[in-house]
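Participant: I'd like to ask some things about the structure below.
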Amino acid sequence: MSGWSRKDLLDLQTLSQQEIDLILETAKSFKEVSTREVKKVPALRGKTVVSLFIENSTRTRASFELAAKRLSADIINISAGGSSISKGETVLDTARNIEAMNVDAIIVRHSSAGVPNQLAQNLKASIINAGDGCREHPTQALLDMFTIKEKLGKIEGLRVAIIGDILHSRVARSNIWGLTKLGARVTVCGPSTLMPVGIEKMGVQTTSDLGHVIKESDVLMVLRIQLERQRDNFLPSLREYAKQFGINKEKLNQAKKNVLIMHPGPTNRGLELSADVADGEYSVILDQVTNGVAIRMAVLYLLLASA
Amino acid sequence: MAKPMKIMDKDNIRRAIVRISHEVLEKNKGIENLCIVGIRTRGVIIAERIYKYIQQIEGTEIPVGILDITLYRDDLTLIATQPLVRETQINFDINGKKIILVDDVLFTGRTIRAALDALIDFGRPASIQLAVLIDRGHRELPIRAEYVGKNIPTALEENVKVILEESDNQEDQVIVKKRESK
């Protein structure tokens, strides 16, 4: 397997299949580190990482922070509220100032697509995209693929359905890029108001027939209904959405017997996923969270270890 | 190009590993609290062979582990691309154990330094003893092997290559070769 040569991790759109495989393979080794009594290795000793989150996050941020700390890197967190961005400084200026303090990597989340790319072009530090607008969330898709591979042994040839608000979902886009590159057959399913025009061009099938999707799929990736983005009347009512696109135990009776239920979190219980399914035997939601730390350790290691 | 020189053949290697297995048992007075940890890649294979011989001699099994030292290397920032990290598998408690640490070639001692750091992160063993198939000298750190298959005086610009059936799909042998000048 060849090595890693990129400075940044911006998206899965531009990564090759080999690069994705390298990250997944590397993450396997890092998963073991988090099960030790001393959950720390010295690989990134002396490296400094800053997480710049201009949009809220619990999981991703905690996950990146733990990943950096378990590799012995130093990490500090900057969020929009407490930073000079609320005083009107541009993100690029903020990032340049952070870099001026000799930082090796900046993990950035922003509500606008393309911000990580802009930073990557203008800074020498490694930039890791932790979610930009509705565009991409590469580490989430990587941890999803890692979890599928761990549970089902492969990705190639599997049928994966992504269900819900595709329009606003960067998780869906990153997963589509990644999964199709690794040879999965991806179907996106949701109400037509939340289905982006031309999504078929990414190499996926579209449908609004949830029953059919449940019957056919090896993996059901359920997306969060982004309540903060429903002001524009994409849905007649949340109750109707839950009835038509929510996954519950009864609908799952039709599914394959070793189907995986995945969700990037945070879940709206009772809306896209009923509680008994979220906590049920097919759910790997917490495995996804565990694997997230391993994936982010792998990414930090590949970007920073020999920099 | 200088001709590669065969230093050990299949039988030499087998006898050396059998002898090391006996020495380990003699020195530790049996297998109580004993366990073996091999350093990836070829140390693991030699560790498994020692494990098999000890099992044949004593009739009981002892724990075997695998150590990947990549994350503990002291030259990570010096090399161009990061080496592939592979899994460490130590599925037993090493506290109070006598660990036989196994590698194929002992050279500068830096790999062993990294392995010691990695092991200590798993607990506090009673002792760590080092077993190697080849000691080729040129130590850069104060490290010494307890059990040595063969001492080979080498020049710095020479390469020592241990070939084992399990990893190389070739008959076991040890080869010394002049490093090609760039």
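Here's how to read the names in the structure tokens: chain A, B, ... by the order shown, residue numbers from 1 in each chain, ligand numbers from 1 in the order shown.
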Determine, counting only C-alpha atoms, which protein, DNA and RNA residues have an atom within 7 Å of an atom of Val174 (chain B); residues of the same chain fewer than 6 positions away are not included. Present the result as a PyMOL selection string.

Facilitator: chain B and resi 6-9+161-163

Participant: Residues of region 22-160 of chain B in strand (DSSP E) according to DSSP, as a ChimeraX atom specification?

Facilitator: /B:34-39,64-67,98-106,127-135,147-151,158-160

Participant: Contacts of Lys249 (chain A) at 8 Å or less, counting only C-alpha atoms, minus same-chain residues fewer than 3 places along, as a PyMOL selection string?

Facilitator: chain A and resi 252-253+274+276-277

Participant: Could the residues of region 8-72 of chain B that have an atom at most 9 Å from region 99-123 of chain B be listed as JSON lines, each with its closest atom pair and the distance in Å to one decimal, counting only C-alpha atoms and ordered by chain and ascending residue number?

Facilitator:
```
{"residue": "B:Val24", "atom": "CA", "partner": "B:Ile100", "partner_atom": "CA", "distance": 8.1}
{"residue": "B:Asn33", "atom": "CA", "partner": "B:Ile99", "partner_atom": "CA", "distance": 8.4}
{"residue": "B:Leu34", "atom": "CA", "partner": "B:Ile99", "partner_atom": "CA", "distance": 6.1}
{"residue": "B:Cys35", "atom": "CA", "partner": "B:Ile99", "partner_atom": "CA", "distance": 5.1}
{"residue": "B:Ile36", "atom": "CA", "partner": "B:Ile100", "partner_atom": "CA", "distance": 4.7}
{"residue": "B:Val37", "atom": "CA", "partner": "B:Leu101", "partner_atom": "CA", "distance": 5.0}
{"residue": "B:Gly38", "atom": "CA", "partner": "B:Val102", "partner_atom": "CA", "distance": 4.7}
{"residue": "B:Ile39", "atom": "CA", "partner": "B:Asp103", "partner_atom": "CA", "distance": 5.5}
{"residue": "B:Arg40", "atom": "CA", "partner": "B:Asp103", "partner_atom": "CA", "distance": 7.9}
{"residue": "B:Thr41", "atom": "CA", "partner": "B:Asp103", "partner_atom": "CA", "distance": 8.5}
{"residue": "B:Arg42", "atom": "CA", "partner": "B:Asp104", "partner_atom": "CA", "distance": 5.8}
{"residue": "B:Gly43", "atom": "CA", "partner": "B:Asp103", "partner_atom": "CA", "distance": 3.8}
{"residue": "B:Val44", "atom": "CA", "partner": "B:Val102", "partner_atom": "CA", "distance": 7.2}
{"residue": "B:Ile45", "atom": "CA", "partner": "B:Asp104", "partner_atom": "CA", "distance": 8.9}
{"residue": "B:Ile46", "atom": "CA", "partner": "B:Val102", "partner_atom": "CA", "distance": 7.0}
{"residue": "B:Ala47", "atom": "CA", "partner": "B:Val102", "partner_atom": "CA", "distance": 5.8}
{"residue": "B:Leu67", "atom": "CA", "partner": "B:Ala115", "partner_atom": "CA", "distance": 7.3}
{"residue": "B:Asp68", "atom": "CA", "partner": "B:Ala115", "partner_atom": "CA", "distance": 7.9}
{"residue": "B:Ile69", "atom": "CA", "partner": "B:Ala115", "partner_atom": "CA", "distance": 5.7}
{"residue": "B:Thr70", "atom": "CA", "partner": "B:Ala114", "partner_atom": "CA", "distance": 8.2}
{"residue": "B:Leu71", "atom": "CA", "partner": "B:Ala114", "partner_atom": "CA", "distance": 8.5}
{"residue": "B:Tyr72", "atom": "CA", "partner": "B:Ala114", "partner_atom": "CA", "distance": 5.1}
```

Participant: Could you write out that same residue set with N, CA and C atoms as an mmCIF file, in the first residue's frame?

Facilitator:
```
data_model
loop_
_atom_site.group_PDB
_atom_site.id
_atom_site.type_symbol
_atom_site.label_atom_id
_atom_site.label_comp_id
_atom_site.auth_asym_id
_atom_site.auth_seq_id
_atom_site.Cartn_x
_atom_site.Cartn_y
_atom_site.Cartn_z
ATOM 1 N N VAL B 24 15.638 -20.033 27.313
ATOM 2 C CA VAL B 24 14.583 -19.254 27.974
ATOM 3 C C VAL B 24 14.025 -20.052 29.153
ATOM 4 N N ASN B 33 4.644 -17.583 34.880
ATOM 5 C CA ASN B 33 4.564 -16.144 34.590
ATOM 6 C C ASN B 33 5.262 -15.732 33.290
ATOM 7 N N LEU B 34 5.594 -16.712 32.463
ATOM 8 C CA LEU B 34 6.326 -16.397 31.248
ATOM 9 C C LEU B 34 5.353 -16.034 30.117
ATOM 10 N N CYS B 35 5.704 -15.054 29.306
ATOM 11 C CA CYS B 35 4.941 -14.814 28.075
ATOM 12 C C CYS B 35 5.891 -14.275 26.996
ATOM 13 N N ILE B 36 5.455 -14.383 25.744
ATOM 14 C CA ILE B 36 6.310 -14.003 24.616
ATOM 15 C C ILE B 36 5.634 -12.892 23.837
ATOM 16 N N VAL B 37 6.405 -11.876 23.468
ATOM 17 C CA VAL B 37 5.867 -10.805 22.630
ATOM 18 C C VAL B 37 6.815 -10.612 21.440
ATOM 19 N N GLY B 38 6.282 -10.745 20.234
ATOM 20 C CA GLY B 38 7.072 -10.566 19.023
ATOM 21 C C GLY B 38 6.871 -9.184 18.433
ATOM 22 N N ILE B 39 7.957 -8.617 17.891
ATOM 23 C CA ILE B 39 7.876 -7.305 17.247
ATOM 24 C C ILE B 39 7.599 -7.515 15.763
ATOM 25 N N ARG B 40 6.615 -6.810 15.231
ATOM 26 C CA ARG B 40 6.273 -6.954 13.819
ATOM 27 C C ARG B 40 7.453 -6.623 12.922
ATOM 28 N N THR B 41 7.669 -7.317 11.818
ATOM 29 C CA THR B 41 6.897 -8.417 11.300
ATOM 30 C C THR B 41 7.560 -9.756 11.640
ATOM 31 N N ARG B 42 8.893 -9.837 11.450
ATOM 32 C CA ARG B 42 9.521 -11.147 11.572
ATOM 33 C C ARG B 42 9.738 -11.580 13.018
ATOM 34 N N GLY B 43 9.766 -10.612 13.933
ATOM 35 C CA GLY B 43 9.849 -10.970 15.347
ATOM 36 C C GLY B 43 8.643 -11.800 15.769
ATOM 37 N N VAL B 44 7.495 -11.507 15.157
ATOM 38 C CA VAL B 44 6.267 -12.228 15.480
ATOM 39 C C VAL B 44 6.388 -13.697 15.072
ATOM 40 N N ILE B 45 6.980 -13.912 13.898
ATOM 41 C CA ILE B 45 7.115 -15.277 13.390
ATOM 42 C C ILE B 45 8.071 -16.075 14.273
ATOM 43 N N ILE B 46 9.188 -15.457 14.637
ATOM 44 C CA ILE B 46 10.157 -16.148 15.498
ATOM 45 C C ILE B 46 9.529 -16.404 16.872
ATOM 46 N N ALA B 47 8.761 -15.419 17.375
ATOM 47 C CA ALA B 47 8.084 -15.583 18.671
ATOM 48 C C ALA B 47 7.147 -16.787 18.624
ATOM 49 N N LEU B 67 3.490 -6.933 18.861
ATOM 50 C CA LEU B 67 3.732 -5.519 19.126
ATOM 51 C C LEU B 67 4.067 -4.804 17.814
ATOM 52 N N ASP B 68 3.358 -3.703 17.563
ATOM 53 C CA ASP B 68 3.719 -2.842 16.436
ATOM 54 C C ASP B 68 4.289 -1.565 17.033
ATOM 55 N N ILE B 69 5.533 -1.239 16.699
ATOM 56 C CA ILE B 69 6.208 -0.146 17.395
ATOM 57 C C ILE B 69 6.171 1.167 16.627
ATOM 58 N N THR B 70 5.470 1.184 15.485
ATOM 59 C CA THR B 70 5.482 2.374 14.622
ATOM 60 C C THR B 70 5.231 3.680 15.385
ATOM 61 N N LEU B 71 4.215 3.647 16.270
ATOM 62 C CA LEU B 71 3.820 4.887 16.931
ATOM 63 C C LEU B 71 4.837 5.340 17.980
ATOM 64 N N TYR B 72 5.810 4.485 18.275
ATOM 65 C CA TYR B 72 6.805 4.811 19.298
ATOM 66 C C TYR B 72 8.172 5.122 18.684
#
```

Participant: If you take only C-alpha atoms and a cut-off of 6 Å, which residues of chain B touch chain A, and what are their nearest atom pairs and distances in Å to one decimal, in chain and number order, as a Markdown table?

Facilitator:
```
| residue | atom | partner | partner_atom | distance |
| --- | --- | --- | --- | --- |
| B:Leu71 | CA | A:Ala43 | CA | 4.7 |
| B:Tyr72 | CA | A:Pro42 | CA | 5.9 |
| B:Leu76 | CA | A:Ser306 | CA | 5.6 |
| B:Thr77 | CA | A:Ser306 | CA | 4.4 |
| B:Thr81 | CA | A:Gly3 | CA | 5.9 |
| B:Gln82 | CA | A:Ser306 | CA | 5.7 |
| B:Val85 | CA | A:Thr26 | CA | 5.7 |
| B:Arg86 | CA | A:Ser29 | CA | 5.0 |
| B:Glu87 | CA | A:Ser29 | CA | 4.1 |
| B:Asp121 | CA | A:Val38 | CA | 5.8 |
```

Participant: Figure out the distance between CA of Val49 (chain A) and CA of Asp104 (chain A), please, to one decimal in Å.

Facilitator: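 Spanning CA of Asp104 (chain A) to CA of Val49 (chain A) is a straight-line distance of 5.9 Å.
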
Participant: Might you pull out every residue within 12 Å of Thr206 (chain A), with only C-alpha atoms counted and same-chain residues fewer than 6 positions away left off, and present them as a PDB file with C-alpha atoms, in the first residue's frame?

Facilitator:
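Output below, filename part-v4.pdb:
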```pdb
ATOM      1  CA  VAL A 160     -26.529   0.970   1.227  1.00  0.00           C
ATOM      2  CA  ALA A 161     -29.546   3.220   1.618  1.00  0.00           C
ATOM      3  CA  ILE A 162     -29.250   6.787   2.867  1.00  0.00           C
ATOM      4  CA  ILE A 163     -32.598   7.908   4.181  1.00  0.00           C
ATOM      5  CA  GLY A 164     -33.976  11.340   5.026  1.00  0.00           C
ATOM      6  CA  ILE A 166     -30.445  14.393   1.562  1.00  0.00           C
ATOM      7  CA  ARG A 185     -24.536   0.396  -4.506  1.00  0.00           C
ATOM      8  CA  VAL A 186     -26.056   3.459  -2.924  1.00  0.00           C
ATOM      9  CA  THR A 187     -29.730   4.428  -2.924  1.00  0.00           C
ATOM     10  CA  VAL A 188     -30.944   7.699  -1.474  1.00  0.00           C
ATOM     11  CA  CYS A 189     -34.464   7.792  -0.127  1.00  0.00           C
ATOM     12  CA  GLY A 190     -36.495  10.735   1.109  1.00  0.00           C
ATOM     13  CA  PRO A 191     -39.317  13.147   0.370  1.00  0.00           C
ATOM     14  CA  SER A 192     -38.895  14.833  -3.005  1.00  0.00           C
ATOM     15  CA  LEU A 194     -35.498  17.113   0.416  1.00  0.00           C
ATOM     16  CA  MET A 195     -33.940  15.404  -2.615  1.00  0.00           C
ATOM     17  CA  PRO A 196     -31.336  17.536  -4.407  1.00  0.00           C
ATOM     18  CA  VAL A 197     -31.872  17.958  -8.133  1.00  0.00           C
ATOM     19  CA  GLY A 198     -29.388  15.957 -10.186  1.00  0.00           C
ATOM     20  CA  ILE A 199     -28.149  13.771  -7.300  1.00  0.00           C
ATOM     21  CA  GLU A 200     -28.255  10.762  -9.677  1.00  0.00           C
ATOM     22  CA  HIS A 212     -38.740  -1.268  -0.895  1.00  0.00           C
ATOM     23  CA  VAL A 213     -35.482   0.228   0.365  1.00  0.00           C
TER      24      VAL A 213
END
```

Participant: Please extract the residues of region 121-173 of chain A with a backbone DSSP assignment of helix (DSSP H, G or I) and present them as a ChimeraX atom specification.

Facilitator: /A:121-122,138-152,170-173

Participant: Name the residues in contact with region 231-240 of chain A at a cut-off of 10 Å, using only C-alpha atoms, excluding same-chain residues fewer than 3 positions from it; report them as a compact mmCIF listing (two decimals) with C-alpha atoms, in the first residue's frame.

Facilitator:
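Full text of part-v2.txt as output:
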```txt
# COMPACT_ATOMS: atom_id res chain seq x y z
CA ASP A 165 -32.96 14.92 4.37
CA PRO A 191 -39.32 13.15 0.37
CA SER A 192 -38.89 14.83 -3.00
CA THR A 193 -38.66 18.27 -1.38
CA LEU A 194 -35.50 17.11 0.42
CA ILE A 225 -34.10 15.74 10.23
CA LEU A 227 -35.09 20.88 12.57
CA GLU A 228 -33.14 24.14 12.34
CA LYS A 243 -45.07 8.15 9.52
CA GLN A 244 -43.73 7.94 5.99
CA PHE A 245 -39.94 7.96 6.42
CA GLY A 246 -39.34 7.21 10.10
CA GLY A 270 -39.46 9.15 17.49
CA LEU A 271 -38.94 11.22 14.34
CA GLU A 272 -36.49 9.57 11.92
```

Participant: Would you mind reading off the distance between CA of Gly292 (chain A) and CA of Ile247 (chain A), one decimal, in Å?

Facilitator: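 CA of Gly292 (chain A) sits 23.7 Å away from CA of Ile247 (chain A).
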
Participant: Need to verify the contact set: region 119-134 of chain A, 6 Å, only C-alpha atoms, exclusion of same-chain residues closer than 5 positions in sequence. Can you return it as a ChimeraX atom specification?

Facilitator: /A:7-10,104-113,168-170

Participant: Go ahead and write the selection's residues with N, CA and C atoms as a compact mmCIF listing (two decimals), in the first residue's frame.

Facilitator:
```
# COMPACT_ATOMS: atom_id res chain seq x y z
N LYS A 7 -1.51 17.25 2.13
CA LYS A 7 -1.37 18.13 3.29
C LYS A 7 -2.68 18.19 4.08
N ASP A 8 -3.79 18.11 3.37
CA ASP A 8 -5.09 18.35 3.99
C ASP A 8 -6.06 17.18 3.77
N LEU A 9 -7.09 17.13 4.60
CA LEU A 9 -8.22 16.26 4.31
C LEU A 9 -9.45 17.15 4.17
N LEU A 10 -9.84 17.39 2.92
CA LEU A 10 -10.92 18.34 2.67
C LEU A 10 -12.23 17.65 2.30
N ASP A 104 0.29 23.12 13.78
CA ASP A 104 0.52 22.14 12.71
C ASP A 104 -0.75 21.79 11.93
N ALA A 105 -1.90 21.82 12.62
CA ALA A 105 -3.14 21.47 11.91
C ALA A 105 -4.30 22.27 12.47
N ILE A 106 -5.24 22.59 11.58
CA ILE A 106 -6.47 23.27 12.01
C ILE A 106 -7.65 22.42 11.54
N ILE A 107 -8.50 22.06 12.51
CA ILE A 107 -9.70 21.30 12.19
C ILE A 107 -10.83 22.31 12.10
N VAL A 108 -11.50 22.39 10.97
CA VAL A 108 -12.46 23.48 10.81
C VAL A 108 -13.86 22.96 10.47
N ARG A 109 -14.84 23.55 11.15
CA ARG A 109 -16.24 23.32 10.79
C ARG A 109 -16.88 24.68 10.55
N HIS A 110 -17.60 24.78 9.45
CA HIS A 110 -18.21 26.07 9.10
C HIS A 110 -19.51 25.83 8.37
N SER A 111 -20.44 26.78 8.51
CA SER A 111 -21.75 26.60 7.87
C SER A 111 -21.70 26.87 6.37
N SER A 112 -20.58 27.41 5.87
CA SER A 112 -20.47 27.65 4.43
C SER A 112 -19.58 26.61 3.76
N ALA A 113 -20.06 26.07 2.63
CA ALA A 113 -19.28 25.10 1.88
C ALA A 113 -18.03 25.78 1.34
N HIS A 168 -29.90 18.71 2.66
CA HIS A 168 -29.05 19.49 3.57
C HIS A 168 -27.90 18.68 4.15
N SER A 169 -27.72 17.43 3.67
CA SER A 169 -26.80 16.55 4.40
C SER A 169 -25.41 16.43 3.79
N ARG A 170 -24.43 16.97 4.51
CA ARG A 170 -23.04 16.78 4.08
C ARG A 170 -22.60 15.35 4.36
```

Participant: What is the CA of Gly265 (chain A) to CA of Gly211 (chain A) distance in Å?

Facilitator: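 Those two atoms sit 22.8 Å apart.
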
Participant: Please identify all polymer residues within 8 Å of Ser127 (chain B), counting only C-alpha atoms, omitting same-chain residues fewer than 2 positions from it, and present them as a PyMOL selection string.

Facilitator: chain B and resi 96-99+125+129
